[in-house]
Structures are given as C-alpha cells and as structure tokens.
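Colleague: Quick one: the structure is below, and I'll ask about it shortly.
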Amino acid sequence: MINPKRLIAMAKKWQRIAANKRKRISYPKAESSVANKGHFVVYTTDNKRFVVPLEYLSQNVFRELLRMSEEEFGLPSNGPITLPCDGVFMEYVISLVQWRMPVDLEKALLTSMATCHSSTSYSLALGQFCQQQTLIYGF
C-alpha cells in the first residue's frame, strides 16, 4: 500500500512539472489566423488559440480531435478550426505529445475521447469530464 504522504508529494511534483511545461508553450501575441511556416492554428471551445507544429498531425490524438471537430462544427470555409475541447485539455494533449506519450496512454486517451464523443454534448464532456478521467490515466 502506498503511503498517503508520498502520494501527495508525488502529486505536487507532477503539478509543478505540468505548470513548468505549460509556461513553455508559447502563444503568439498577435491574433492573426496565419501561422508560422510548419505550424497550424486551432482554437478550443473556450476560444483559446494554439499554434501547433504540423508534425503533430501524425499523432492519432490530433487526428481524432480534428475528426471530432469536423463532425461537430463542420469544415470551416472562412474561419478558424475549432476543436471540441477546452484549453486545459489541449495543453494536456500538447504536453503528452511533446514528451512522447506512451502507446498505452495514447490508447487510454483515445478511449476516453471516444467515450465522451458518444455523449450528447461531447465538447463540454471533453472539456470537463474526460479531462479528469484522462489525468488519472497519466499517473
């Protein structure tokens, strides 16, 4: 059985690490919809803007988010791409991809997203319920 004090210490350590990683994610100050070469711009349902490297499109998690976005919002003809999640969830996904997410964690995350996708309002679910569920898988 794990000592509760040790669990608290581990949780605090992971919170510090996650906070430091969030600080490293850079967001351009200008609100231009044009991204630098090799990047693309997406927004979350809480209107947070993310400039993401094109290489992330090879990740199943990003492909699933884009598929879900198309299903929920359609293909944008003259506007930005909006992903069906909130900014906190997106930061979490980006940090996982940056640190080379293990295959089993990726499968768990995709399963969580699929579970939320089947709910009636999965953009809200991804932003709240699934974020909590996914964070548990991360430990």
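Naming works like this for the structure tokens: A, B, ... for the chains as they're shown, residue 1 at the start of each chain, ligands 1 onward in shown order.
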Extract the full set of helix (DSSP H, G or I) residues from segment 48-130 of chain A according to DSSP on the backbone, and format it as a ChimeraX atom specification.

Modeller: /A:54-58,60-73,87-98,103-117,122-127,129-130

Colleague: Skip Asn60 of chain A itself and residues of its chain fewer than 2 positions away, then list as a VMD selection string all residues within 12 Å of it, counting only C-alpha atoms.

Modeller: chain A and resid 55 to 58 62 to 67 93 97 101 103 105 to 111 113

Colleague: Please, what distance in Å, to one decimal, runs between atom CA of Gln98 of chain A and atom CA of Pro80 of chain A?

Modeller: 23.3 Å

Colleague: Could you check the closest approach to Val52 of chain A for each of A:Thr115, A:Ser77, A:Thr82, A:Asn36 and tell me which residue wins, using only C-alpha atoms?

Modeller: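 Between A:Thr115, A:Ser77, A:Thr82, A:Asn36, the residue approaching Val52 of chain A most closely is A:Asn36.
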
Colleague: Given the choices A:Leu75, A:Ile81, A:Met68, A:Val61, which gets closest to Phe40 of chain A if the distance is worked out from only C-alpha atoms?

Modeller: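 The shortest atom-to-atom distance to Phe40 of chain A comes from A:Ile81.
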
Colleague: Suppose you want the space between atom CA of Gly87 of chain A and atom CA of Lys48 of chain A; what is it in Å?

Modeller: 5.8 Å

Colleague: What does the distance between atom CA of Leu54 of chain A and atom CA of Val41 of chain A come to in Å, to one decimal place?

Modeller: 9.7 Å

Colleague: Which parts of segment 15-104 of chain A does DSSP call strand (DSSP E) when run on the backbone here, written out as an MDAnalysis selection string?

Modeller: chainID A and resid 39:44 49:53 81:83

Colleague: Export, as a PDB file, in the first residue's frame, the selected residues with N, CA, C and O atoms.

Modeller:
```
ATOM      1  N   HIS A  39       3.544  25.220 -39.042  1.00  0.00           N
ATOM      2  CA  HIS A  39       2.591  25.211 -37.931  1.00  0.00           C
ATOM      3  C   HIS A  39       1.178  25.449 -38.447  1.00  0.00           C
ATOM      4  O   HIS A  39       0.984  25.926 -39.560  1.00  0.00           O
ATOM      5  N   PHE A  40       0.202  25.121 -37.626  1.00  0.00           N
ATOM      6  CA  PHE A  40      -1.185  25.447 -37.938  1.00  0.00           C
ATOM      7  C   PHE A  40      -1.851  25.985 -36.683  1.00  0.00           C
ATOM      8  O   PHE A  40      -1.386  25.765 -35.567  1.00  0.00           O
ATOM      9  N   VAL A  41      -2.926  26.734 -36.866  1.00  0.00           N
ATOM     10  CA  VAL A  41      -3.633  27.380 -35.764  1.00  0.00           C
ATOM     11  C   VAL A  41      -4.955  26.677 -35.533  1.00  0.00           C
ATOM     12  O   VAL A  41      -5.686  26.385 -36.482  1.00  0.00           O
ATOM     13  N   VAL A  42      -5.244  26.389 -34.271  1.00  0.00           N
ATOM     14  CA  VAL A  42      -6.554  25.868 -33.876  1.00  0.00           C
ATOM     15  C   VAL A  42      -7.031  26.636 -32.649  1.00  0.00           C
ATOM     16  O   VAL A  42      -6.228  27.220 -31.921  1.00  0.00           O
ATOM     17  N   TYR A  43      -8.327  26.631 -32.464  1.00  0.00           N
ATOM     18  CA  TYR A  43      -8.942  27.242 -31.289  1.00  0.00           C
ATOM     19  C   TYR A  43      -9.691  26.162 -30.532  1.00  0.00           C
ATOM     20  O   TYR A  43     -10.093  25.155 -31.107  1.00  0.00           O
ATOM     21  N   THR A  44      -9.883  26.391 -29.245  1.00  0.00           N
ATOM     22  CA  THR A  44     -10.669  25.477 -28.437  1.00  0.00           C
ATOM     23  C   THR A  44     -12.033  26.107 -28.183  1.00  0.00           C
ATOM     24  O   THR A  44     -12.254  27.266 -28.519  1.00  0.00           O
ATOM     25  N   ARG A  49      -6.314  30.088 -28.311  1.00  0.00           N
ATOM     26  CA  ARG A  49      -5.629  29.896 -29.588  1.00  0.00           C
ATOM     27  C   ARG A  49      -4.354  29.088 -29.372  1.00  0.00           C
ATOM     28  O   ARG A  49      -3.589  29.375 -28.462  1.00  0.00           O
ATOM     29  N   PHE A  50      -4.128  28.099 -30.226  1.00  0.00           N
ATOM     30  CA  PHE A  50      -2.933  27.268 -30.151  1.00  0.00           C
ATOM     31  C   PHE A  50      -2.273  27.225 -31.518  1.00  0.00           C
ATOM     32  O   PHE A  50      -2.941  27.016 -32.531  1.00  0.00           O
ATOM     33  N   VAL A  51      -0.964  27.439 -31.531  1.00  0.00           N
ATOM     34  CA  VAL A  51      -0.167  27.291 -32.741  1.00  0.00           C
ATOM     35  C   VAL A  51       0.577  25.973 -32.574  1.00  0.00           C
ATOM     36  O   VAL A  51       1.395  25.819 -31.672  1.00  0.00           O
ATOM     37  N   VAL A  52       0.250  25.019 -33.436  1.00  0.00           N
ATOM     38  CA  VAL A  52       0.711  23.643 -33.269  1.00  0.00           C
ATOM     39  C   VAL A  52       1.600  23.250 -34.451  1.00  0.00           C
ATOM     40  O   VAL A  52       1.265  23.551 -35.599  1.00  0.00           O
ATOM     41  N   PRO A  53       2.719  22.566 -34.186  1.00  0.00           N
ATOM     42  CA  PRO A  53       3.567  22.096 -35.295  1.00  0.00           C
ATOM     43  C   PRO A  53       2.813  21.110 -36.196  1.00  0.00           C
ATOM     44  O   PRO A  53       2.045  20.279 -35.714  1.00  0.00           O
ATOM     45  N   ILE A  81     -10.248  26.739 -37.313  1.00  0.00           N
ATOM     46  CA  ILE A  81     -10.629  25.396 -36.886  1.00  0.00           C
ATOM     47  C   ILE A  81     -10.834  25.447 -35.379  1.00  0.00           C
ATOM     48  O   ILE A  81      -9.970  25.923 -34.641  1.00  0.00           O
ATOM     49  N   THR A  82     -11.979  24.974 -34.932  1.00  0.00           N
ATOM     50  CA  THR A  82     -12.266  24.903 -33.502  1.00  0.00           C
ATOM     51  C   THR A  82     -12.323  23.443 -33.096  1.00  0.00           C
ATOM     52  O   THR A  82     -13.075  22.657 -33.682  1.00  0.00           O
ATOM     53  N   LEU A  83     -11.518  23.091 -32.110  1.00  0.00           N
ATOM     54  CA  LEU A  83     -11.502  21.714 -31.611  1.00  0.00           C
ATOM     55  C   LEU A  83     -12.526  21.569 -30.493  1.00  0.00           C
ATOM     56  O   LEU A  83     -12.729  22.497 -29.707  1.00  0.00           O
TER      57      LEU A  83
END
```
